[in-house]
Amino acid sequence: MSEIYDVLIIGSGPAGLSAAVYTGRANLKTLLFEGWQPGGQLTTTTVVENYAGFKDGIQGTQLMAEMRGQAERFGVEYVSKDITKVDFSGQPLKVYVGDEEYQGKTVIIATGAKPRRLGLPSEDKLWAKGVSACATCDGFFFKDKVVAVIGGGDSAMEEGTFLTKFAGKVYIINRTDNFRASEIMLKRAQDNEKVEVLSGKAIDEVLGDNNVTGLRLKDTQSGEISELKIDGMFLAIGHIPVTDLFKDQIELDELGFVILKKNTMTSVPGVFAAGDVSDHRYRQAITSAGEGCKASIDAKKWLAEQD
């Protein structure tokens with residue numbers, strides 16, 4: 001394509017759409033690639049109660065629709081397809097959807113990260129129906145309930161300890177007897193009277209029809225099967241950044257997250273990143289939105305410097 005955009009945004013979650021609101025409002029010609037399933041991880045949740053401005057909460061899909069409409073009002077254009085290739089070797093920067101080429105002076109990467117899953121059909125069936133990967137987001141819904149956290153690292157211990165603020169009982173389930181968590185984090189969880197740590201147990205099945213009712217566990221040593229009654233399951237086995245397309249184009253860390261060099265700029269001048277794709281720690285809709293804002297301001301400033 002001969003048209004060169006000021007900004008190409010890859011991703012349509014809170015980071016990408018917030019960036020689009022700012023670039024569109026700044027009269028920067030903006031094209032956003034939202035993919036075949038736009039909206040990011042929030043479209044897989046139900047009520048979002050921790051995004052400022054909605055005292056009664058808001059459905060994740062509705063929040064994303066509102067953000068999209070706001071960006072569209074400022075002239076942002078959309079491509080509802082997944083990109084297949086990028087070329088950041090020189091200006092203009094290039095993004096491809098099959099054989100279609102799109103050119104931009106800057107690119108904002110906001111492809112996010114997806115929670116690592118167990119790979120069970122029952123897990124998929126009960127996603128957002130008791131299965132979650134965000135205790136901060138969903139812990140409130142399990143007041144006085146019994147929940148399980150899956151994982152053996154610091155994140156699992158932190159999530160489990162956090163959930164004791166709401167749940168009546170928290171199981172932390174690790175598939176081996178060895179924990180990756182630091183001693184202090186493991187001890188903190190073990191010393192909490194609401195927490196029970198189960199080691200050497202693998203999740204064989206998530207039980208329930210319309211909501212989680214329990215887990216079928218398999219002892220990793222004996223193979224013995226048992227059942228555990230719970231009301232919710234929280235995954236804490238890591239996140240996978242959606243960065244495969246950028247592996248040979250920009251610097252990534254050992255886990256695949258985008259490395260930021262100056263503010264939100266990546267290792268390639270004119271290419272910026274925002275949200276979970278570069279965020280190891282917070283992974284919240286509101287922090288992603290803030291990162292999108294920052295990336296858009298950085299992109300605008302960089303463009304002005306080139307002129």
# chains A, B, ... in the order shown; residues from 1 in each chain; ligands from 1
$ residues_around --residues "Phe257 (chain A)" --least-positions-apart "2" --cutoff "8 Å" --atoms "only C-alpha atoms" --output "list in words"
Pro241, Thr243, Leu252, Asp253, Glu254, Leu255, Ile259, Val277, Ser278, Asp279 and His280 of chain A
$ write_last_selection --atoms "N, CA and C atoms" --output "tab-separated table (two decimals), in the first residue's frame"
chain	number	residue	atom	x	y	z
A	241	PRO	N	3.90	-14.11	26.52
A	241	PRO	CA	3.71	-12.90	25.72
A	241	PRO	C	3.49	-13.25	24.25
A	243	THR	N	4.52	-12.57	21.19
A	243	THR	CA	5.61	-11.86	20.52
A	243	THR	C	6.32	-12.68	19.45
A	252	LEU	N	13.90	-9.11	22.76
A	252	LEU	CA	12.99	-9.72	23.72
A	252	LEU	C	13.81	-10.33	24.85
A	253	ASP	N	13.22	-10.45	26.03
A	253	ASP	CA	13.94	-11.11	27.11
A	253	ASP	C	13.82	-12.62	27.00
A	254	GLU	N	14.39	-13.35	27.97
A	254	GLU	CA	14.43	-14.80	27.87
A	254	GLU	C	13.05	-15.44	27.93
A	255	LEU	N	12.05	-14.70	28.42
A	255	LEU	CA	10.69	-15.22	28.48
A	255	LEU	C	9.85	-14.79	27.27
A	259	ILE	N	11.61	-5.96	25.51
A	259	ILE	CA	12.51	-5.16	26.32
A	259	ILE	C	12.35	-3.69	25.93
A	277	VAL	N	2.45	-7.12	26.99
A	277	VAL	CA	3.51	-7.64	26.12
A	277	VAL	C	4.90	-7.28	26.67
A	278	SER	N	4.95	-6.26	27.53
A	278	SER	CA	6.22	-5.87	28.13
A	278	SER	C	6.12	-5.77	29.66
A	279	ASP	N	5.01	-6.21	30.22
A	279	ASP	CA	4.75	-6.07	31.65
A	279	ASP	C	4.80	-7.43	32.34
A	280	HIS	N	5.83	-7.68	33.12
A	280	HIS	CA	5.97	-8.94	33.85
A	280	HIS	C	5.12	-8.96	35.11
$ residues_around --residues "region 10-22 of chain A" --least-positions-apart "4" --cutoff "8 Å" --atoms "only C-alpha atoms" --output "ChimeraX atom specification"
/A:26,30,32-35,38-42,64,67-68,70-72,74,76,107-112,274-275,285-286,288-297
$ select_by_dssp --residues "region 61-174 of chain A" --states "strand (DSSP E)" --output "MDAnalysis selection string"
chainID A and resid 77:79 85:87 93:97 100:109 113:115 131:132 146:150 169:174
$ atom_distance --atom1 "CA of Val47 (chain A)" --atom2 "CA of Ala133 (chain A)"
14.7 Å
$ select_by_dssp --residues "region 19-249 of chain A" --states "helix (DSSP H, G or I)" --output "ChimeraX atom specification"
/A:19-25,40-44,60-73,121-125,135-142,154-163,183-190,244-246
$ residues_around --residues "Asp87 (chain A)" --least-positions-apart "5" --cutoff "12 Å" --atoms "only C-alpha atoms" --output "CSV table (one decimal) with N, CA and C atoms, in the first residue's frame"
chain,number,residue,atom,x,y,z
A,92,PRO,N,9.8,3.3,5.7
A,92,PRO,CA,8.7,3.2,6.7
A,92,PRO,C,8.7,1.8,7.2
A,93,LEU,N,8.2,1.7,8.5
A,93,LEU,CA,8.0,0.3,9.1
A,93,LEU,C,6.8,-0.4,8.4
A,94,LYS,N,7.0,-1.7,8.3
A,94,LYS,CA,6.0,-2.4,7.5
A,94,LYS,C,5.3,-3.5,8.3
A,95,VAL,N,4.0,-3.7,8.1
A,95,VAL,CA,3.2,-4.7,8.7
A,95,VAL,C,2.4,-5.4,7.7
A,96,TYR,N,2.3,-6.7,7.7
A,96,TYR,CA,1.7,-7.5,6.7
A,96,TYR,C,0.5,-8.3,7.2
A,97,VAL,N,-0.5,-8.3,6.4
A,97,VAL,CA,-1.6,-9.3,6.6
A,97,VAL,C,-1.7,-10.1,5.3
A,101,GLU,N,0.4,-5.2,2.4
A,101,GLU,CA,1.4,-4.5,3.1
A,101,GLU,C,0.8,-3.1,3.6
A,102,TYR,N,1.1,-2.8,4.9
A,102,TYR,CA,0.7,-1.6,5.5
A,102,TYR,C,2.0,-0.9,6.0
A,103,GLN,N,2.1,0.4,5.8
A,103,GLN,CA,3.3,1.1,6.2
A,103,GLN,C,3.0,2.2,7.2
A,104,GLY,N,3.9,2.4,8.1
A,104,GLY,CA,3.8,3.4,9.2
A,104,GLY,C,5.1,4.0,9.6
A,106,THR,N,5.6,5.0,12.7
A,106,THR,CA,5.8,4.4,14.0
A,106,THR,C,4.9,3.2,14.2
A,107,VAL,N,5.2,2.3,15.1
A,107,VAL,CA,4.4,1.1,15.4
A,107,VAL,C,4.3,1.0,16.9
A,245,LEU,N,5.9,-13.0,16.4
A,245,LEU,CA,6.1,-12.2,15.1
A,245,LEU,C,7.3,-11.3,15.2
A,246,PHE,N,7.7,-11.0,16.4
A,246,PHE,CA,8.7,-9.9,16.6
A,246,PHE,C,10.1,-10.5,17.0
A,247,LYS,N,10.2,-11.8,17.0
A,247,LYS,CA,11.5,-12.4,17.5
A,247,LYS,C,12.7,-11.9,16.8
A,248,ASP,N,12.7,-11.8,15.5
A,248,ASP,CA,13.9,-11.4,14.8
A,248,ASP,C,13.9,-9.9,14.4
A,249,GLN,N,13.0,-9.1,15.1
A,249,GLN,CA,12.8,-7.7,14.7
A,249,GLN,C,13.2,-6.8,15.9
A,250,ILE,N,12.9,-7.1,17.1
A,250,ILE,CA,13.2,-6.3,18.2
A,250,ILE,C,13.8,-7.2,19.4
A,268,VAL,N,14.2,-0.8,18.5
A,268,VAL,CA,14.1,-0.2,17.2
A,268,VAL,C,13.5,1.1,17.3
A,271,VAL,N,9.6,2.1,17.1
A,271,VAL,CA,8.7,1.0,17.5
A,271,VAL,C,8.6,1.0,19.1
$ atom_distance --atom1 "CA of Lys229 (chain A)" --atom2 "CA of Lys143 (chain A)"
15.8 Å
$ closest_atom_pairs --of "region 118-164 of chain A" --to "region 49-55 of chain A" --cutoff "10 Å" --atoms "only C-alpha atoms" --output "CSV"
residue,atom,partner,partner_atom,distance
A:Thr136,CA,A:Asn50,CA,8.8
A:Cys137,CA,A:Asn50,CA,7.0
A:Asp138,CA,A:Glu49,CA,8.8
A:Phe140,CA,A:Glu49,CA,9.1
$ residues_around --residues "Glu305 (chain A)" --least-positions-apart "4" --cutoff "12 Å" --atoms "only C-alpha atoms" --output "CSV table (one decimal) with N, CA, C and O atoms, in the first residue's frame"
chain,number,residue,atom,x,y,z
A,269,PRO,N,14.2,2.2,16.9
A,269,PRO,CA,13.6,3.5,16.9
A,269,PRO,C,12.3,3.6,16.2
A,269,PRO,O,12.2,3.1,15.0
A,270,GLY,N,11.3,4.2,16.8
A,270,GLY,CA,10.0,4.3,16.2
A,270,GLY,C,9.1,3.2,16.5
A,270,GLY,O,7.9,3.2,16.1
A,298,ASP,N,4.9,9.0,23.6
A,298,ASP,CA,6.3,8.8,23.1
A,298,ASP,C,6.3,8.8,21.6
A,298,ASP,O,7.3,9.3,21.0
A,299,ALA,N,5.4,8.1,21.0
A,299,ALA,CA,5.3,8.0,19.5
A,299,ALA,C,5.2,9.4,18.9
A,299,ALA,O,5.8,9.8,17.9
A,300,LYS,N,4.3,10.2,19.5
A,300,LYS,CA,4.0,11.6,19.0
A,300,LYS,C,5.3,12.4,19.1
A,300,LYS,O,5.7,13.1,18.2
A,301,LYS,N,6.0,12.3,20.3
A,301,LYS,CA,7.2,13.1,20.5
A,301,LYS,C,8.3,12.6,19.5
A,301,LYS,O,9.0,13.5,19.0
